[in-house]
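Peer 1: Contents are JSON, C-alpha atoms; file name data_37.json:
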```json
[["chain", "number", "residue", "atom", "x", "y", "z"],
["A", 11, "MET", "CA", 16.18, 8.27, -11.22],
["A", 12, "SER", "CA", 15.28, 4.73, -10.13],
["A", 13, "GLU", "CA", 11.74, 3.33, -9.94],
["A", 14, "TYR", "CA", 12.21, 3.23, -6.14],
["A", 15, "ASP", "CA", 13.29, 6.89, -5.87],
["A", 16, "GLU", "CA", 10.57, 8.04, -8.23],
["A", 17, "PHE", "CA", 7.84, 6.19, -6.31],
["A", 18, "TYR", "CA", 8.90, 7.25, -2.80],
["A", 19, "GLY", "CA", 9.97, 10.79, -3.78],
["A", 20, "ASN", "CA", 6.50, 12.30, -3.42],
["A", 21, "ILE", "CA", 4.24, 12.19, -0.36],
["A", 22, "SER", "CA", 0.57, 13.16, -0.55],
["A", 23, "ARG", "CA", -0.33, 12.60, 3.11],
["A", 24, "ARG", "CA", 2.14, 12.20, 5.98],
["A", 25, "PHE", "CA", 1.95, 10.00, 9.04],
["A", 26, "GLY", "CA", 0.07, 11.80, 11.82],
["A", 27, "ALA", "CA", -1.82, 14.19, 9.53],
["A", 28, "SER", "CA", -5.08, 15.41, 11.04],
["A", 29, "GLY", "CA", -8.46, 14.52, 9.57],
["A", 30, "SER", "CA", -11.94, 13.63, 10.66],
["A", 31, "ALA", "CA", -12.14, 10.48, 8.48],
["A", 32, "TYR", "CA", -9.43, 8.54, 10.34],
["A", 33, "THR", "CA", -10.88, 5.90, 12.62],
["A", 34, "ILE", "CA", -8.11, 3.58, 13.84],
["A", 35, "VAL", "CA", -6.49, 6.45, 15.73],
["A", 36, "PRO", "CA", -9.28, 9.04, 15.75],
["A", 37, "GLY", "CA", -8.27, 12.19, 13.91],
["A", 38, "LYS", "CA", -4.79, 10.92, 12.89],
["A", 39, "HIS", "CA", -3.49, 9.32, 9.69],
["A", 40, "ILE", "CA", -1.48, 6.23, 10.68],
["A", 41, "GLY", "CA", 0.50, 5.74, 7.50],
["A", 42, "THR", "CA", 2.20, 7.66, 4.74],
["A", 43, "ASP", "CA", 0.57, 8.00, 1.32],
["A", 44, "PHE", "CA", 2.63, 7.92, -1.86],
["A", 45, "PRO", "CA", 0.67, 9.06, -4.94],
["A", 46, "ALA", "CA", 1.13, 7.37, -8.30],
["A", 47, "PRO", "CA", -1.09, 6.52, -11.27],
["A", 48, "GLY", "CA", -3.33, 3.46, -10.96],
["A", 49, "ALA", "CA", -1.59, 0.24, -12.07],
["A", 50, "THR", "CA", 1.85, 1.58, -11.02],
["A", 51, "PHE", "CA", 4.08, -1.11, -9.53],
["A", 52, "VAL", "CA", 4.91, -0.54, -5.86],
["A", 53, "PRO", "CA", 8.55, -1.14, -4.87],
["A", 54, "ALA", "CA", 9.37, -2.57, -1.44],
["A", 55, "LEU", "CA", 10.44, 0.23, 0.89],
["A", 56, "ARG", "CA", 12.64, -2.19, 2.85],
["A", 57, "ALA", "CA", 13.78, -5.78, 2.33],
["A", 58, "GLY", "CA", 11.48, -8.29, 4.01],
["A", 59, "THR", "CA", 9.55, -11.52, 3.90],
["A", 60, "VAL", "CA", 5.86, -11.60, 2.96],
["A", 61, "VAL", "CA", 3.97, -12.71, 6.09],
["A", 62, "ALA", "CA", 0.41, -11.85, 5.04],
["A", 63, "ILE", "CA", -1.69, -10.94, 2.04],
["A", 64, "VAL", "CA", -5.07, -9.60, 3.13],
["A", 65, "LYS", "CA", -8.09, -7.74, 1.81],
["A", 66, "THR", "CA", -10.26, -5.30, 3.76],
["A", 67, "GLU", "CA", -13.19, -3.17, 2.69],
["A", 68, "ALA", "CA", -11.47, 0.08, 3.65],
["A", 69, "MET", "CA", -7.99, -0.61, 2.26],
["A", 70, "SER", "CA", -8.56, -3.38, -0.33],
["A", 71, "TRP", "CA", -5.57, -5.65, -0.92],
["A", 72, "GLY", "CA", -2.56, -5.28, 1.32],
["A", 73, "VAL", "CA", 0.80, -6.99, 1.55],
["A", 74, "ILE", "CA", 2.54, -7.20, 4.93],
["A", 75, "THR", "CA", 6.25, -7.95, 5.17],
["A", 76, "SER", "CA", 8.44, -8.67, 8.16],
["A", 77, "ILE", "CA", 11.43, -6.32, 7.87],
["A", 78, "GLY", "CA", 13.37, -7.44, 10.96],
["A", 79, "ASN", "CA", 13.73, -6.35, 14.58],
["A", 80, "GLY", "CA", 10.03, -7.04, 15.17],
["A", 81, "LEU", "CA", 8.99, -4.45, 12.57],
["A", 82, "TYR", "CA", 6.59, -4.85, 9.66],
["A", 83, "ALA", "CA", 5.91, -2.89, 6.49],
["A", 84, "SER", "CA", 2.45, -2.95, 4.99],
["A", 85, "TYR", "CA", 1.39, -1.70, 1.56],
["A", 86, "TRP", "CA", -2.31, -0.97, 0.84],
["A", 87, "HIS", "CA", -4.73, -0.09, -1.99],
["A", 88, "LEU", "CA", -3.25, -2.77, -4.22],
["A", 89, "SER", "CA", -4.84, -4.60, -7.12],
["A", 90, "ALA", "CA", -5.54, -8.33, -6.82],
["A", 91, "HIS", "CA", -3.28, -8.75, -9.87],
["A", 92, "GLY", "CA", 0.47, -9.13, -9.39],
["A", 93, "LEU", "CA", 0.56, -9.83, -5.65],
["A", 94, "PRO", "CA", 3.52, -11.79, -4.27],
["A", 95, "ASN", "CA", 3.12, -15.11, -2.45],
["A", 96, "TYR", "CA", 3.23, -15.80, 1.27],
["A", 97, "GLY", "CA", 6.85, -16.45, 2.23],
["A", 98, "ASP", "CA", 8.40, -14.59, -0.71],
["A", 99, "ARG", "CA", 11.57, -12.72, 0.17],
["A", 100, "LEU", "CA", 11.59, -9.19, -1.27],
["A", 101, "ALA", "CA", 14.68, -7.04, -1.62],
["A", 102, "ARG", "CA", 14.45, -3.27, -1.29],
["A", 103, "GLY", "CA", 12.91, -2.07, -4.54],
["A", 104, "ASP", "CA", 11.37, -5.42, -5.58],
["A", 105, "ARG", "CA", 7.78, -5.18, -6.73],
["A", 106, "VAL", "CA", 5.30, -5.70, -3.88],
["A", 107, "GLY", "CA", 2.30, -5.48, -6.20],
["A", 108, "ARG", "CA", 0.63, -2.77, -8.20],
["A", 109, "LEU", "CA", -1.81, -0.04, -7.30],
["A", 110, "ALA", "CA", -5.51, -0.61, -7.86],
["A", 111, "ARG", "CA", -7.05, 1.41, -10.64],
["A", 112, "GLY", "CA", -10.31, 2.18, -8.86],
["A", 113, "PRO", "CA", -12.71, 3.91, -8.59],
["A", 114, "ARG", "CA", -13.81, 3.11, -5.06],
["A", 115, "THR", "CA", -17.37, 2.58, -6.30],
["A", 116, "LEU", "CA", -16.28, -0.69, -7.93],
["A", 117, "PRO", "CA", -17.77, -3.83, -6.36],
["A", 118, "TYR", "CA", -15.68, -5.38, -3.57],
["A", 119, "ALA", "CA", -15.13, -8.50, -5.71],
["A", 120, "ASN", "CA", -13.56, -6.52, -8.58],
["A", 121, "PRO", "CA", -9.75, -7.07, -8.66],
["A", 122, "GLU", "CA", -9.26, -3.31, -9.14],
["A", 123, "PHE", "CA", -11.39, -2.33, -6.10],
["A", 124, "PRO", "CA", -9.16, 0.15, -4.21],
["A", 125, "GLY", "CA", -10.98, 0.22, -0.87],
["A", 126, "THR", "CA", -13.50, 2.66, 0.53],
["A", 127, "ALA", "CA", -10.73, 4.77, 2.15],
["A", 128, "TRP", "CA", -9.16, 5.38, -1.26],
["A", 129, "THR", "CA", -8.90, 9.05, -2.21],
["A", 130, "GLY", "CA", -7.32, 8.52, -5.62],
["A", 131, "PRO", "CA", -4.35, 6.50, -6.82],
["A", 132, "HIS", "CA", -1.80, 6.08, -4.03],
["A", 133, "CYS", "CA", -0.13, 3.49, -1.85],
["A", 134, "HIS", "CA", -0.75, 3.73, 1.89],
["A", 135, "VAL", "CA", 2.40, 2.45, 3.65],
["A", 136, "VAL", "CA", 2.65, 1.66, 7.36],
["A", 137, "ILE", "CA", 5.86, 0.74, 9.23],
["A", 138, "GLY", "CA", 5.42, -0.54, 12.74]]
```
If you convert what's in this file into structure tokens, what do you get?
Peer 2:
Amino acid sequence: MSEYDEFYGNISRRFGASGSAYTIVPGKHIGTDFPAPGATFVPALRAGTVVAIVKTEAMSWGVITSIGNGLYASYWHLSAHGLPNYGDRLARGDRVGRLARGPRTLPYANPEFPGTAWTGPHCHVVIG
């Protein structure tokens, strides 16, 4: 089994799942969560070009790629270590980064801070 198939073969929370903690779309999870141990490398779901690398308090580090036809893929709860560069072209399966180790009580400045919305080691992926 490939690293890609192994990573994306298990879903811990599906898009649209109900929950009171979701705030962007109240009551609905707006991504898909793929569980994996902290420090696991995240493979690109689709080929694309890195158009943004951002950090938020809720999601920590995220990489956003343009995947064509006006669509983007974003990968969240990443460590500050091993991020790609703006403009990098990623093929399907290339490493986008690696998951933060956590815990979410780490200071925001810690490179392994996973975000306050972190519920354990996973990558939150959004296509839109």
Peer 1: Find, counting only C-alpha atoms, the residue in A:Arg111, A:Arg56, A:Lys65, A:His91 that gets nearest to Tyr18 in chain A.
Peer 2: A:Arg56
Peer 1: Do you have the CA of Tyr14 in chain A-CA of Gly72 in chain A distance handy?
Peer 2: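 So the two atoms, CA of Tyr14 in chain A and CA of Gly72 in chain A, lie 18.6 Å apart.
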Peer 1: From the set A:Met69, A:Ala101, A:Ala49, A:Val106, which residue has the shortest atom-to-atom contact distance to His134 in chain A, counting all atoms listed in the file?
Peer 2: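 For His134 in chain A, the nearest of the candidates is A:Met69.
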Peer 1: Please provide as a list in words all residues within 7 Å of range 124-129 of chain A, with the sequence filter that same-chain residues fewer than 5 positions apart are discarded (counting only C-alpha atoms).
Peer 2: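 Once the adjacent positions are removed, what remains is Glu67, Ala68, Met69, Ser70, His87, Leu88, Ala110, Arg111, Gly112, Pro113 and Arg114 of chain A.
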Peer 1: What is the distance, in Å and to one decimal place, between CA of Ala46 in chain A and CA of Phe25 in chain A?
Peer 2: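 Straight-line distance from CA of Ala46 in chain A to CA of Phe25 in chain A works out to 17.6 Å.
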Peer 1: Can you work out which one of A:Thr59, A:Ser89, A:Asn95, A:Ser22 has the shortest atom-to-atom distance to Ser76 in chain A, counting all atoms listed in the file?
Peer 2: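 That would be A:Thr59, the residue with the smallest distance to Ser76 in chain A.
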Peer 1: Quick one: distance from CA of Ser84 in chain A to CA of Pro117 in chain A in Å, one decimal?
Peer 2: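 Interatomic distance here is 23.2 Å.
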Peer 1: Neighbouring residues of Ile74 in chain A were defined as those with any atom within 7 Å, considering all atoms listed in the file; residues of the same chain fewer than 4 positions away were excluded. Please report them as a compact mmCIF listing (two decimals) with C-alpha atoms, keeping the file's coordinate frame.
Peer 2:
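Generated output (around_20.txt):
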```txt
# COMPACT_ATOMS: atom_id res chain seq x y z
CA VAL A 60 5.86 -11.60 2.96
CA VAL A 61 3.97 -12.71 6.09
CA ALA A 62 0.41 -11.85 5.04
CA ILE A 63 -1.69 -10.94 2.04
CA TYR A 82 6.59 -4.85 9.66
CA ALA A 83 5.91 -2.89 6.49
CA SER A 84 2.45 -2.95 4.99
CA TYR A 85 1.39 -1.70 1.56
```
Peer 1: Which residues come within 8 Å of Gly103 in chain A, counting all atoms listed in the file, excluding same-chain residues fewer than 4 positions away, as a list in words?
Peer 2: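 Within the cut-off, the hits are Glu13, Tyr14, Pro53, Ala54, Leu55, Arg56 and Ala57 of chain A.
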Peer 1: With all atoms listed in the file as the basis for distance, which of A:Gly138, A:Pro131, A:Gly58, A:Pro45 is at the shortest distance from Arg105 in chain A?
Peer 2: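 Selected residue with least distance to Arg105 in chain A: A:Gly58.
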Peer 1: Hey, which of A:Ile21, A:Asp15, A:Arg108, A:Val73 ends up closest to Pro47 in chain A? Count all atoms listed in the file.
Peer 2: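 Closest residue, counting all atoms listed in the file: A:Arg108.
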Peer 1: Nearest to Ala119 in chain A: which of A:Asn79, A:Phe51, A:Ala90, A:Glu16 is it, counting all atoms listed in the file?
Peer 2: A:Ala90
Peer 1: For range 106-117 of chain A, where the input has fewer atoms than it should, I would like all heavy atoms rebuilt and written as an mmCIF file, in the frame of the given file.
Peer 2:
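Dumped to out_25.cif:
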```
data_model
loop_
_atom_site.group_PDB
_atom_site.id
_atom_site.type_symbol
_atom_site.label_atom_id
_atom_site.label_comp_id
_atom_site.auth_asym_id
_atom_site.auth_seq_id
_atom_site.Cartn_x
_atom_site.Cartn_y
_atom_site.Cartn_z
ATOM 1 N N VAL A 106 6.199 -5.162 -4.897
ATOM 2 C CA VAL A 106 5.300 -5.700 -3.880
ATOM 3 C C VAL A 106 3.946 -6.049 -4.509
ATOM 4 O O VAL A 106 3.251 -6.947 -4.067
ATOM 5 C CB VAL A 106 5.087 -4.676 -2.739
ATOM 6 C CG1 VAL A 106 4.051 -5.149 -1.742
ATOM 7 C CG2 VAL A 106 6.399 -4.378 -2.049
ATOM 8 N N GLY A 107 3.578 -5.344 -5.518
ATOM 9 C CA GLY A 107 2.300 -5.480 -6.200
ATOM 10 C C GLY A 107 2.123 -4.237 -7.044
ATOM 11 O O GLY A 107 3.083 -3.505 -7.287
ATOM 12 N N ARG A 108 0.888 -4.005 -7.465
ATOM 13 C CA ARG A 108 0.630 -2.770 -8.200
ATOM 14 C C ARG A 108 -0.623 -2.111 -7.665
ATOM 15 O O ARG A 108 -1.497 -2.763 -7.101
ATOM 16 C CB ARG A 108 0.549 -3.013 -9.704
ATOM 17 C CG ARG A 108 -0.640 -3.751 -10.181
ATOM 18 C CD ARG A 108 -0.684 -3.706 -11.720
ATOM 19 N NE ARG A 108 -1.807 -4.405 -12.256
ATOM 20 C CZ ARG A 108 -3.062 -3.979 -12.242
ATOM 21 N NH1 ARG A 108 -3.372 -2.829 -11.682
ATOM 22 N NH2 ARG A 108 -4.029 -4.690 -12.777
ATOM 23 N N LEU A 109 -0.682 -0.806 -7.824
ATOM 24 C CA LEU A 109 -1.810 -0.040 -7.300
ATOM 25 C C LEU A 109 -3.097 -0.395 -8.033
ATOM 26 O O LEU A 109 -3.097 -0.632 -9.242
ATOM 27 C CB LEU A 109 -1.549 1.460 -7.443
ATOM 28 C CG LEU A 109 -0.398 2.009 -6.623
ATOM 29 C CD1 LEU A 109 -0.222 3.490 -6.911
ATOM 30 C CD2 LEU A 109 -0.641 1.783 -5.145
ATOM 31 N N ALA A 110 -4.183 -0.420 -7.265
ATOM 32 C CA ALA A 110 -5.510 -0.610 -7.860
ATOM 33 C C ALA A 110 -5.826 0.584 -8.742
ATOM 34 O O ALA A 110 -5.343 1.695 -8.515
ATOM 35 C CB ALA A 110 -6.561 -0.771 -6.767
ATOM 36 N N ARG A 111 -6.663 0.346 -9.720
ATOM 37 C CA ARG A 111 -7.050 1.410 -10.640
ATOM 38 C C ARG A 111 -8.268 2.183 -10.156
ATOM 39 O O ARG A 111 -8.479 3.314 -10.538
ATOM 40 C CB ARG A 111 -7.335 0.823 -12.019
ATOM 41 C CG ARG A 111 -6.105 0.317 -12.700
ATOM 42 C CD ARG A 111 -6.409 -0.044 -14.143
ATOM 43 N NE ARG A 111 -5.182 -0.437 -14.803
ATOM 44 C CZ ARG A 111 -5.012 -1.596 -15.397
ATOM 45 N NH1 ARG A 111 -5.986 -2.481 -15.427
ATOM 46 N NH2 ARG A 111 -3.871 -1.885 -15.977
ATOM 47 N N GLY A 112 -9.100 1.523 -9.328
ATOM 48 C CA GLY A 112 -10.310 2.180 -8.860
ATOM 49 C C GLY A 112 -11.353 2.264 -9.946
ATOM 50 O O GLY A 112 -11.227 1.600 -10.962
ATOM 51 N N PRO A 113 -12.410 3.045 -9.729
ATOM 52 C CA PRO A 113 -12.710 3.910 -8.590
ATOM 53 C C PRO A 113 -13.219 3.119 -7.393
ATOM 54 O O PRO A 113 -13.496 1.939 -7.512
ATOM 55 C CB PRO A 113 -13.798 4.836 -9.142
ATOM 56 C CG PRO A 113 -14.544 3.960 -10.088
ATOM 57 C CD PRO A 113 -13.489 3.094 -10.728
ATOM 58 N N ARG A 114 -13.382 3.805 -6.283
ATOM 59 C CA ARG A 114 -13.810 3.110 -5.060
ATOM 60 C C ARG A 114 -15.249 2.649 -5.114
ATOM 61 O O ARG A 114 -15.694 1.930 -4.233
ATOM 62 C CB ARG A 114 -13.520 3.933 -3.822
ATOM 63 C CG ARG A 114 -14.352 5.158 -3.640
ATOM 64 C CD ARG A 114 -13.915 5.860 -2.382
ATOM 65 N NE ARG A 114 -14.721 7.037 -2.138
ATOM 66 C CZ ARG A 114 -14.452 7.910 -1.213
ATOM 67 N NH1 ARG A 114 -13.419 7.733 -0.426
ATOM 68 N NH2 ARG A 114 -15.214 8.949 -1.047
ATOM 69 N N THR A 115 -15.987 3.051 -6.133
ATOM 70 C CA THR A 115 -17.370 2.580 -6.300
ATOM 71 C C THR A 115 -17.432 1.208 -6.971
ATOM 72 O O THR A 115 -18.522 0.652 -7.119
ATOM 73 C CB THR A 115 -18.187 3.595 -7.122
ATOM 74 O OG1 THR A 115 -17.518 3.819 -8.367
ATOM 75 C CG2 THR A 115 -18.349 4.902 -6.362
ATOM 76 N N LEU A 116 -16.286 0.655 -7.364
ATOM 77 C CA LEU A 116 -16.280 -0.690 -7.930
ATOM 78 C C LEU A 116 -16.778 -1.689 -6.893
ATOM 79 O O LEU A 116 -16.603 -1.467 -5.687
ATOM 80 C CB LEU A 116 -14.868 -1.100 -8.355
ATOM 81 C CG LEU A 116 -14.306 -0.458 -9.608
ATOM 82 C CD1 LEU A 116 -12.830 -0.840 -9.775
ATOM 83 C CD2 LEU A 116 -15.103 -0.869 -10.825
ATOM 84 N N PRO A 117 -17.366 -2.798 -7.321
ATOM 85 C CA PRO A 117 -17.770 -3.830 -6.360
ATOM 86 C C PRO A 117 -16.540 -4.403 -5.636
ATOM 87 O O PRO A 117 -15.443 -4.484 -6.191
ATOM 88 C CB PRO A 117 -18.425 -4.903 -7.229
ATOM 89 C CG PRO A 117 -18.701 -4.261 -8.539
ATOM 90 C CD PRO A 117 -17.721 -3.139 -8.695
#
```
